[in-house]
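Asker: mmCIF, C-alpha atoms and all ligand atoms, saved as model.cif, coming up:
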```cif
data_coords
#
loop_
_atom_site.label_atom_id
_atom_site.label_comp_id
_atom_site.auth_asym_id
_atom_site.auth_seq_id
_atom_site.Cartn_x
_atom_site.Cartn_y
_atom_site.Cartn_z
CA MET A 1 118.36 76.08 117.60
CA GLU A 2 119.92 78.60 115.24
CA TYR A 3 118.37 82.06 115.02
CA VAL A 4 118.48 83.52 111.53
CA LEU A 5 117.72 86.92 109.99
CA ALA A 6 116.15 87.01 106.54
CA PRO A 7 116.16 90.58 105.21
CA SER A 8 113.28 91.17 102.77
CA ILE A 9 114.53 93.04 99.73
CA LEU A 10 111.05 94.47 99.07
CA SER A 11 112.21 97.56 100.95
CA ALA A 12 115.72 97.68 99.42
CA ASP A 13 117.08 100.32 97.06
CA PHE A 14 117.00 98.45 93.75
CA LYS A 15 119.52 100.81 92.15
CA VAL A 16 122.14 99.24 94.40
CA LEU A 17 120.52 95.96 95.32
CA GLY A 18 123.64 93.79 95.05
CA GLU A 19 125.58 96.11 97.34
CA GLN A 20 122.81 96.22 99.89
CA MET A 21 122.53 92.42 99.87
CA LYS A 22 126.27 92.18 100.47
CA MET A 23 126.01 94.59 103.41
CA THR A 24 123.41 92.39 105.09
CA GLU A 25 125.46 89.25 104.42
CA GLU A 26 128.63 90.73 105.88
CA ALA A 27 126.69 91.88 108.94
CA GLY A 28 125.49 88.31 109.56
CA ALA A 29 122.18 87.74 107.73
CA LYS A 30 122.31 84.15 106.50
CA TYR A 31 119.10 84.27 104.41
CA LEU A 32 117.73 86.70 101.86
CA HIS A 33 113.93 86.90 101.68
CA PHE A 34 112.52 87.34 98.17
CA ASP A 35 108.84 88.40 98.11
CA VAL A 36 107.01 87.45 94.95
CA MET A 37 103.57 89.03 94.43
CA ASP A 38 101.31 88.25 91.51
CA GLY A 39 98.57 90.92 91.73
CA MET A 40 96.03 88.09 92.24
CA PHE A 41 96.68 86.36 95.54
CA VAL A 42 97.72 89.77 96.86
CA PRO A 43 96.83 93.16 95.36
CA SER A 44 100.38 94.24 94.52
CA ILE A 45 102.98 93.05 92.00
CA SER A 46 106.66 92.84 92.92
CA PHE A 47 109.27 90.84 90.98
CA GLY A 48 109.89 87.30 89.79
CA MET A 49 112.28 84.73 88.38
CA PRO A 50 114.49 86.94 86.16
CA VAL A 51 115.33 89.20 89.10
CA LEU A 52 116.15 86.23 91.34
CA LYS A 53 118.28 84.72 88.59
CA SER A 54 120.22 87.94 88.29
CA ILE A 55 120.83 88.55 92.01
CA HIS A 56 121.20 85.11 93.56
CA GLY A 57 124.94 85.01 92.91
CA ALA A 58 125.52 88.46 94.45
CA THR A 59 125.95 86.84 97.87
CA GLY A 60 126.23 83.36 99.34
CA GLN A 61 122.98 83.84 101.28
CA VAL A 62 120.23 81.23 101.30
CA MET A 63 117.63 82.41 98.79
CA ASP A 64 114.29 82.24 100.57
CA ALA A 65 111.50 82.80 98.03
CA HIS A 66 108.10 83.67 99.49
CA LEU A 67 105.52 83.13 96.77
CA MET A 68 102.39 85.23 97.35
CA VAL A 69 101.02 83.75 94.17
CA GLN A 70 97.83 81.90 93.21
CA GLU A 71 98.57 78.24 92.36
CA PRO A 72 102.34 78.58 92.88
CA ILE A 73 102.92 75.00 91.71
CA ARG A 74 103.04 76.49 88.20
CA TYR A 75 106.27 78.32 89.02
CA VAL A 76 108.12 76.02 91.42
CA GLU A 77 110.48 74.57 88.84
CA ALA A 78 111.24 78.01 87.39
CA PHE A 79 112.13 79.39 90.81
CA GLY A 80 114.40 76.42 91.38
CA LYS A 81 116.19 77.12 88.11
CA ALA A 82 116.44 80.81 89.01
CA GLY A 83 118.35 79.98 92.20
CA ALA A 84 115.85 79.60 95.05
CA ASP A 85 116.94 77.38 97.94
CA ILE A 86 113.64 77.54 99.82
CA VAL A 87 110.23 78.01 98.23
CA THR A 88 107.41 79.00 100.55
CA VAL A 89 103.82 78.74 99.34
CA HIS A 90 100.55 79.83 100.93
CA LEU A 91 98.12 77.22 102.15
CA GLU A 92 95.31 79.53 100.97
CA ALA A 93 96.71 79.70 97.42
CA CYS A 94 97.08 75.98 96.62
CA LYS A 95 94.45 73.59 95.30
CA ASP A 96 96.63 70.62 96.25
CA ILE A 97 99.08 71.62 98.95
CA ARG A 98 100.65 68.15 99.33
CA ARG A 99 101.38 67.95 95.64
CA THR A 100 102.86 71.45 95.72
CA ILE A 101 105.16 70.50 98.61
CA ARG A 102 106.24 67.34 96.76
CA GLU A 103 106.98 69.42 93.66
CA ILE A 104 109.23 71.76 95.68
CA HIS A 105 111.13 68.82 97.17
CA GLY A 106 111.29 67.15 93.75
CA CYS A 107 113.10 70.23 92.44
CA GLY A 108 115.70 69.87 95.19
CA MET A 109 114.55 72.76 97.39
CA LYS A 110 113.28 73.15 100.92
CA ALA A 111 109.54 73.61 101.25
CA GLY A 112 107.98 76.34 103.34
CA LEU A 113 104.29 76.60 104.13
CA SER A 114 102.72 79.95 104.97
CA VAL A 115 99.45 81.02 106.56
CA CYS A 116 97.78 84.44 106.40
CA PRO A 117 96.64 86.18 109.61
CA LYS A 118 93.05 85.03 109.10
CA THR A 119 93.94 81.32 108.73
CA ASP A 120 93.89 79.08 111.81
CA VAL A 121 97.36 77.62 112.35
CA LYS A 122 95.64 74.33 113.28
CA GLU A 123 95.08 73.82 109.55
CA THR A 124 98.81 73.18 109.14
CA GLU A 125 98.97 70.46 111.81
CA GLY A 126 98.75 67.51 109.44
CA LEU A 127 101.38 68.99 107.14
CA LEU A 128 104.18 69.82 109.57
CA LYS A 129 105.97 66.52 109.01
CA GLU A 130 106.12 67.22 105.28
CA ILE A 131 107.56 70.71 105.35
CA ASP A 132 110.92 72.27 106.24
CA MET A 133 109.62 75.61 107.46
CA LEU A 134 106.35 77.13 108.63
CA LEU A 135 105.83 80.84 107.94
CA ILE A 136 103.41 82.71 110.14
CA MET A 137 102.40 85.97 108.46
CA SER A 138 102.17 88.74 111.05
CA VAL A 139 100.67 91.25 108.60
CA HIS A 140 98.22 90.75 105.73
CA PRO A 141 100.53 89.81 102.86
CA GLY A 142 100.97 92.29 100.04
CA PHE A 143 102.97 95.25 101.28
CA GLY A 144 106.03 96.06 103.35
CA GLY A 145 105.94 98.57 106.18
CA GLN A 146 102.73 97.39 107.90
CA LYS A 147 102.10 97.12 111.62
CA PHE A 148 102.65 93.79 113.41
CA ILE A 149 99.36 92.05 114.28
CA PRO A 150 99.64 91.18 118.01
CA GLU A 151 97.47 88.03 117.72
CA SER A 152 100.32 86.51 115.69
CA LEU A 153 102.19 85.79 118.93
CA GLU A 154 99.56 83.30 120.03
CA LYS A 155 99.65 81.63 116.60
CA ILE A 156 103.41 81.27 116.83
CA ARG A 157 103.16 79.72 120.30
CA LYS A 158 100.54 77.29 119.02
CA ALA A 159 102.67 76.40 116.00
CA ARG A 160 105.74 75.75 118.15
CA SER A 161 103.78 73.53 120.51
CA MET A 162 102.18 71.57 117.65
CA ALA A 163 105.64 70.96 116.19
CA ARG A 164 107.01 69.86 119.58
CA GLU A 165 104.09 67.48 120.11
CA GLN A 166 105.09 65.81 116.83
CA GLY A 167 108.73 65.67 117.90
CA LEU A 168 109.75 68.14 115.21
CA ASP A 169 112.55 70.68 115.45
CA LEU A 170 110.77 72.73 112.80
CA ASP A 171 111.98 76.07 111.48
CA ILE A 172 109.30 78.66 112.23
CA GLN A 173 109.53 81.96 110.40
CA VAL A 174 107.65 85.20 111.03
CA ASP A 175 107.12 87.90 108.41
CA GLY A 176 105.71 91.41 108.71
CA GLY A 177 106.15 94.37 111.04
CA ILE A 178 109.27 93.08 112.80
CA TYR A 179 111.60 95.71 114.28
CA HIS A 180 114.43 95.73 116.79
CA ASP A 181 111.99 96.48 119.59
CA ASN A 182 109.57 93.58 119.03
CA VAL A 183 111.86 90.84 117.72
CA ARG A 184 112.38 89.38 121.20
CA ASP A 185 108.62 88.87 121.55
CA VAL A 186 108.49 86.65 118.46
CA LEU A 187 111.58 84.72 119.55
CA ASP A 188 109.99 84.15 122.96
CA ALA A 189 106.87 82.86 121.22
CA GLY A 190 108.89 80.25 119.28
CA VAL A 191 110.19 81.74 116.05
CA ASN A 192 113.76 81.03 114.88
CA ILE A 193 113.79 82.72 111.46
CA VAL A 194 112.94 86.41 111.36
CA VAL A 195 112.02 88.32 108.20
CA ALA A 196 112.50 92.08 108.30
CA GLY A 197 112.18 94.50 105.39
CA SER A 198 111.70 98.09 106.51
CA ALA A 199 113.69 97.59 109.70
CA VAL A 200 116.72 96.46 107.67
CA PHE A 201 116.61 98.60 104.52
CA ASN A 202 115.23 101.91 105.80
CA GLY A 203 118.41 103.61 106.93
CA ASN A 204 121.74 101.80 106.97
CA PRO A 205 121.28 98.09 106.11
CA ALA A 206 124.63 97.08 107.61
CA GLU A 207 123.98 98.80 110.91
CA ASN A 208 120.36 97.63 111.07
CA THR A 209 121.40 94.03 110.35
CA ARG A 210 124.12 94.17 112.99
CA LYS A 211 121.60 95.38 115.57
CA PHE A 212 119.31 92.45 114.75
CA MET A 213 122.23 90.01 114.86
CA GLU A 214 123.27 91.22 118.28
CA ILE A 215 119.83 90.30 119.57
CA LEU A 216 119.60 86.98 117.70
CA GLU A 217 123.11 85.82 118.59
CA ASN A 218 122.65 86.56 122.27
CA TYR A 219 119.19 85.05 122.46
CA GLY A 220 118.42 81.95 124.48
C1 LIG B 301 104.66 91.26 103.09
C2 LIG B 301 105.98 90.58 102.76
C3 LIG B 301 107.04 90.86 103.73
C4 LIG B 301 107.46 92.30 103.82
C5 LIG B 301 107.96 92.55 105.21
O1 LIG B 301 103.67 90.83 102.26
O2 LIG B 301 105.79 89.18 102.74
O3 LIG B 301 108.18 90.03 103.55
O4 LIG B 301 108.43 92.69 102.90
O5 LIG B 301 108.22 93.89 105.32
P1 LIG B 301 108.26 94.67 106.71
O6 LIG B 301 109.37 94.07 107.50
O7 LIG B 301 108.48 96.06 106.28
O8 LIG B 301 106.91 94.47 107.37
ZN ZN B 302 107.59 87.78 102.80
#
```
The structure given in the file should be rewritten as structure tokens.
Answerer:
Amino acid sequence: MEYVLAPSILSADFKVLGEQMKMTEEAGAKYLHFDVMDGMFVPSISFGMPVLKSIHGATGQVMDAHLMVQEPIRYVEAFGKAGADIVTVHLEACKDIRRTIREIHGCGMKAGLSVCPKTDVKETEGLLKEIDMLLIMSVHPGFGGQKFIPESLEKIRKARSMAREQGLDLDIQVDGGIYHDNVRDVLDAGVNIVVAGSAVFNGNPAENTRKFMEILENYG
């Protein structure tokens, strides 16, 4: 299984976003995590399609769009056109999750499914065969820089075992409060794609990425 770092640009310096993206790419981060917030599903507002369209060519990284948006099906096609490779939607935000997943695949992208800390991961069991990635939120979505919720480890373990029981080599991503000193815990629990915002962009993004990559590349 490949272990991947997905730096979340929510904590980046937008004056020099392209340069910072490039630094993370050169240091080994294969994905770039793009947090979209609508002020409805979550209290805050971040950025959307025009920003993705402008930055997606700045690196060759996989553009991993995390839509913290009510009824995201409305925007799937637009994110595809803007350059997203993966679109992740929240189970809690979709009236018809299967249709939303089909829409993402229909637009030629990988489909991610995310659950908030309060949602039982069991609710995703019947959907695992239809998705490309499961995202376990380890903070309440809406803001960067929050503290990792320790109960997330048990959810990750449960998710990994549900996937195994179905014979799936599923990508499992974790997002929120991940730093160099707790990343091994989430890998041990069963994650293979790690999102990190503050821990990458506060300070030197190249150095911080390299430190993560050292751990990820030597894991297992
Ligand atoms: C939270 C976002 C995260 C966030 C992670 O709602 O989905 O991607 O940027 O930031 P850190 O790593 O600072 O917790
Ligand atoms: Zn995110």
Asker: Which chain A residues have any atom within 9 Å of an atom of ligand ZN 302 (chain B), and for each, what is the nearest pair of atoms with distance in Å to one decimal, counting all atoms listed in the file, rows sorted by chain and number, as a tab-separated table?
Answerer:
```
residue	atom	partner	partner_atom	distance
A:Ser8	CA	B:ZN302	ZN	6.6
A:Leu10	CA	B:ZN302	ZN	8.4
A:His33	CA	B:ZN302	ZN	6.5
A:Phe34	CA	B:ZN302	ZN	6.8
A:Asp35	CA	B:ZN302	ZN	4.9
A:Val36	CA	B:ZN302	ZN	7.9
A:Asp64	CA	B:ZN302	ZN	9.0
A:Ala65	CA	B:ZN302	ZN	7.9
A:His66	CA	B:ZN302	ZN	5.3
A:Leu67	CA	B:ZN302	ZN	7.9
A:Met68	CA	B:ZN302	ZN	8.0
A:Leu135	CA	B:ZN302	ZN	8.8
A:Met137	CA	B:ZN302	ZN	7.9
A:Pro141	CA	B:ZN302	ZN	7.3
A:Gly142	CA	B:ZN302	ZN	8.5
A:Phe143	CA	B:ZN302	ZN	8.9
A:Gly144	CA	B:ZN302	ZN	8.4
A:Val174	CA	B:ZN302	ZN	8.6
A:Asp175	CA	B:ZN302	ZN	5.6
A:Gly176	CA	B:ZN302	ZN	7.2
A:Val195	CA	B:ZN302	ZN	7.0
A:Ala196	CA	B:ZN302	ZN	8.5
A:Gly197	CA	B:ZN302	ZN	8.5
```
Asker: Restricting the calculation to all atoms listed in the file, which member of A:Asp85, A:Glu207, A:Asp38, A:Glu26 is positioned closest to Thr59 of chain A?
Answerer: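 Looking only at the distances to Thr59 of chain A, the closest residue turns out to be A:Glu26.
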Asker: What does the structure give for the distance between atom CA of Lys129 of chain A and atom CA of Ile156 of chain A, in Å to one decimal?
Answerer: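 Distance between the two atoms: 16.9 Å.
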Asker: As lines of an AutoDock Vina configuration file, please: the centre and edge lengths in Å, to one decimal, of an axis-aligned box enclosing every listed atom of segment 191-202 of chain A with 8 Å added on each side.
Answerer:
```
center_x = 113.5
center_y = 91.5
center_z = 110.3
size_x = 22.5
size_y = 36.9
size_z = 27.5
```
Asker: At a cut-off of 10 Å, using all atoms listed in the file, what residues contact Asp185 of chain A? Leave out same-chain residues fewer than 5 positions from it and give the result as a PyMOL selection string.
Answerer: chain A and resi 150+153+178+190-191
Asker: Please list as a ChimeraX atom specification every residue within 9 Å of Glu2 of chain A, counting only C-alpha atoms and excluding residues in the same chain fewer than 6 positions away.
Answerer: /A:192-193,216-217
Asker: Smallest atom-to-atom distance to ligand LIG 301 (chain B): which of A:Leu168, A:Cys116, A:Ala93, A:Ile104, using all atoms listed in the file?
Answerer: A:Cys116
Asker: Out of A:Asp171, A:Glu151, A:Glu19, A:Glu77, which residue has the shortest atom-to-atom distance to Thr119 of chain A when counting all atoms listed in the file?
Answerer: A:Glu151
Asker: Work out how far atom CA of Tyr31 of chain A is from atom CA of Leu134 of chain A, in Å to one decimal.
Answerer: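 Straight-line distance from atom CA of Leu134 of chain A to atom CA of Tyr31 of chain A works out to 15.2 Å.
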Asker: Separation of atom CA of Phe79 of chain A and atom CA of Arg99 of chain A, in Å?
Answerer: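 Distance between the two atoms: 16.4 Å.
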Asker: Pick the closest to Met49 of chain A from A:Ala84, A:Cys107, A:Ala6, A:Ile73: which is it, counting all atoms listed in the file?
Answerer: A:Ala84
Asker: Quick one: of A:Ser44, A:Tyr219, A:Ala206, A:Val76, who's nearest to Ala29 of chain A, counting all atoms listed in the file?
Answerer: A:Ala206
